[in-house]
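Here the structure comes first, spelled out in structure tokens, and everything after it is commentary.
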Amino acid sequence: MGIKIEYHINKPVIFLTEEECEKSILTEYFGVSKDIPYAIVCAGVKRDYPIKQWPVEYYQIVINQTHNLINWVQVGSLEHDHLPLQNVYNLIGRTNVRELFSLVNHSKFGLGPITFLMHAC
């Protein structure tokens, strides 16, 4: 990227390009304004280690009780088990890692178990 980086902290840092900071995947896929406030939910589970999973119906309860306060965007990998939730913008299997970082950058918060999303947030 041609950026000189001086580290002043001892934690991972992710640098987004100007385009990634400006781009809205929600606009691209759903035609909604990039300025809408939203939260990200990852309600899926990996088949090899399901112990971390919160019941998917609990996620739906949270979304149902808050969808009039915040928009919800559901993310997740197609390699894992993700039941589509209601009242969400469904991006399951539609983002790469950089796009997920861009989504997180613009989101208010994330909801999910101990996953890649938690670390990205």
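As shown in the structure tokens, the chain order sets the letters A, B, ...; within each chain, residues go from 1, and ligands are also counted from 1 in the order they appear.
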
Selection near range 59-75 of chain A, 7 Å with only C-alpha atoms, sequence-local residues under 3 positions removed, as a ChimeraX atom specification: /A:37-43,56,85,87-92

Export of the given selection (N, CA and C atoms) as an mmCIF file, in the first residue's frame:
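Wrote again.cif, looks like this:
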data_model
loop_
_atom_site.group_PDB
_atom_site.id
_atom_site.type_symbol
_atom_site.label_atom_id
_atom_site.label_comp_id
_atom_site.auth_asym_id
_atom_site.auth_seq_id
_atom_site.Cartn_x
_atom_site.Cartn_y
_atom_site.Cartn_z
ATOM 1 N N PRO A 37 -27.382 2.944 10.326
ATOM 2 C CA PRO A 37 -26.685 2.269 11.433
ATOM 3 C C PRO A 37 -27.036 0.782 11.437
ATOM 4 N N TYR A 38 -26.028 -0.044 11.642
ATOM 5 C CA TYR A 38 -26.282 -1.483 11.655
ATOM 6 C C TYR A 38 -25.325 -2.189 12.603
ATOM 7 N N ALA A 39 -25.762 -3.389 12.991
ATOM 8 C CA ALA A 39 -24.944 -4.294 13.790
ATOM 9 C C ALA A 39 -24.780 -5.579 12.983
ATOM 10 N N ILE A 40 -23.713 -6.299 13.262
ATOM 11 C CA ILE A 40 -23.420 -7.538 12.547
ATOM 12 C C ILE A 40 -23.704 -8.721 13.465
ATOM 13 N N VAL A 41 -24.335 -9.743 12.912
ATOM 14 C CA VAL A 41 -24.597 -10.958 13.679
ATOM 15 C C VAL A 41 -24.016 -12.158 12.939
ATOM 16 N N CYS A 42 -23.343 -13.004 13.693
ATOM 17 C CA CYS A 42 -22.839 -14.279 13.178
ATOM 18 C C CYS A 42 -23.426 -15.357 14.076
ATOM 19 N N ALA A 43 -24.489 -15.987 13.610
ATOM 20 C CA ALA A 43 -25.224 -16.950 14.435
ATOM 21 C C ALA A 43 -24.933 -18.391 14.045
ATOM 22 N N VAL A 56 -29.615 -20.629 17.997
ATOM 23 C CA VAL A 56 -29.928 -19.648 16.953
ATOM 24 C C VAL A 56 -31.231 -18.910 17.260
ATOM 25 N N LEU A 85 -31.537 -15.824 9.346
ATOM 26 C CA LEU A 85 -32.396 -15.173 10.321
ATOM 27 C C LEU A 85 -33.379 -14.250 9.608
ATOM 28 N N ASN A 87 -35.496 -10.531 9.443
ATOM 29 C CA ASN A 87 -35.264 -9.110 9.741
ATOM 30 C C ASN A 87 -33.778 -8.760 9.712
ATOM 31 N N VAL A 88 -33.032 -9.364 8.781
ATOM 32 C CA VAL A 88 -31.610 -9.075 8.616
ATOM 33 C C VAL A 88 -31.307 -8.884 7.133
ATOM 34 N N TYR A 89 -30.200 -8.196 6.866
ATOM 35 C CA TYR A 89 -29.621 -8.206 5.530
ATOM 36 C C TYR A 89 -28.706 -9.429 5.511
ATOM 37 N N ASN A 90 -29.000 -10.389 4.665
ATOM 38 C CA ASN A 90 -28.290 -11.657 4.673
ATOM 39 C C ASN A 90 -27.074 -11.601 3.755
ATOM 40 N N LEU A 91 -25.886 -11.646 4.356
ATOM 41 C CA LEU A 91 -24.631 -11.696 3.611
ATOM 42 C C LEU A 91 -23.869 -12.997 3.866
ATOM 43 N N ILE A 92 -24.572 -14.044 4.254
ATOM 44 C CA ILE A 92 -23.922 -15.330 4.493
ATOM 45 C C ILE A 92 -23.251 -15.784 3.191
#

Which of chain A DSSP labels strand (DSSP E or B), written as a PyMOL selection string: chain A and resi 38-41+45+71-74+81+89-90+110-111

Near-range 7-22 of chain A list (10 Å; only C-alpha atoms; drop same-chain fewer than 5 positions) as a list in words: Met1, Lys34, Arg98, Glu99, Phe101, Ser102, Leu103, Asn105, His106 and Ala120 of chain A

In range 21-70 of chain A, DSSP alpha helix (DSSP H) residues written as a list in words: Cys21, Glu22, Ile25, Leu26, Thr27, Glu28, Tyr29, Phe30, Val56, Glu57, Tyr58, Tyr59, Gln60, Ile61, Val62, Ile63, Asn64, Gln65 and Thr66 of chain A

Go ahead and write the residues just picked, N, CA and C atoms, as a compact mmCIF listing (two decimals), in the first residue's frame.
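And here's selection.txt as it stands now:
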# COMPACT_ATOMS: atom_id res chain seq x y z
N CYS A 21 -12.79 1.95 3.05
CA CYS A 21 -13.40 2.83 4.05
C CYS A 21 -14.65 3.50 3.51
N GLU A 22 -14.67 3.77 2.22
CA GLU A 22 -15.80 4.47 1.60
C GLU A 22 -16.90 3.52 1.12
N ILE A 25 -20.90 -2.35 1.28
CA ILE A 25 -21.39 -3.61 0.72
C ILE A 25 -22.91 -3.68 0.79
N LEU A 26 -23.50 -3.00 1.77
CA LEU A 26 -24.97 -2.98 1.88
C LEU A 26 -25.59 -2.23 0.71
N THR A 27 -24.95 -1.17 0.27
CA THR A 27 -25.42 -0.44 -0.90
C THR A 27 -25.28 -1.31 -2.14
N GLU A 28 -24.14 -1.97 -2.24
CA GLU A 28 -23.85 -2.81 -3.40
C GLU A 28 -24.86 -3.95 -3.55
N TYR A 29 -25.18 -4.64 -2.48
CA TYR A 29 -26.07 -5.79 -2.55
C TYR A 29 -27.56 -5.45 -2.39
N PHE A 30 -27.86 -4.45 -1.55
CA PHE A 30 -29.25 -4.21 -1.19
C PHE A 30 -29.76 -2.81 -1.57
N VAL A 56 -29.62 -20.63 18.00
CA VAL A 56 -29.93 -19.65 16.95
C VAL A 56 -31.23 -18.91 17.26
N GLU A 57 -32.16 -19.56 17.93
CA GLU A 57 -33.42 -18.88 18.26
C GLU A 57 -33.20 -17.71 19.23
N TYR A 58 -32.13 -17.74 20.02
CA TYR A 58 -31.81 -16.62 20.92
C TYR A 58 -31.37 -15.41 20.11
N TYR A 59 -30.59 -15.65 19.05
CA TYR A 59 -30.20 -14.54 18.18
C TYR A 59 -31.45 -13.92 17.55
N GLN A 60 -32.38 -14.76 17.12
CA GLN A 60 -33.60 -14.24 16.50
C GLN A 60 -34.41 -13.42 17.48
N ILE A 61 -34.45 -13.82 18.74
CA ILE A 61 -35.16 -13.05 19.77
C ILE A 61 -34.53 -11.67 19.91
N VAL A 62 -33.20 -11.61 19.99
CA VAL A 62 -32.51 -10.31 20.10
C VAL A 62 -32.83 -9.44 18.90
N ILE A 63 -32.76 -10.01 17.71
CA ILE A 63 -33.04 -9.24 16.50
C ILE A 63 -34.48 -8.77 16.47
N ASN A 64 -35.41 -9.65 16.81
CA ASN A 64 -36.83 -9.27 16.81
C ASN A 64 -37.11 -8.13 17.79
N GLN A 65 -36.42 -8.14 18.91
CA GLN A 65 -36.67 -7.11 19.92
C GLN A 65 -35.94 -5.79 19.64
N THR A 66 -35.00 -5.80 18.70
CA THR A 66 -34.22 -4.58 18.45
C THR A 66 -34.24 -4.09 17.00

Close residues, Tyr49 in chain A itself excluded, 12 Å, only C-alpha atoms, min 4 positions apart in chain, as a list in words: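 So the residues in contact are Gly44, Val45, Gln53, His80, Asp81, Pro113, Ile114 and Thr115 of chain A.
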
Computed interatomic separation between CA of Glu79 in chain A and CA of Lys108 in chain A (Å):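 So the answer is 26.1 Å.
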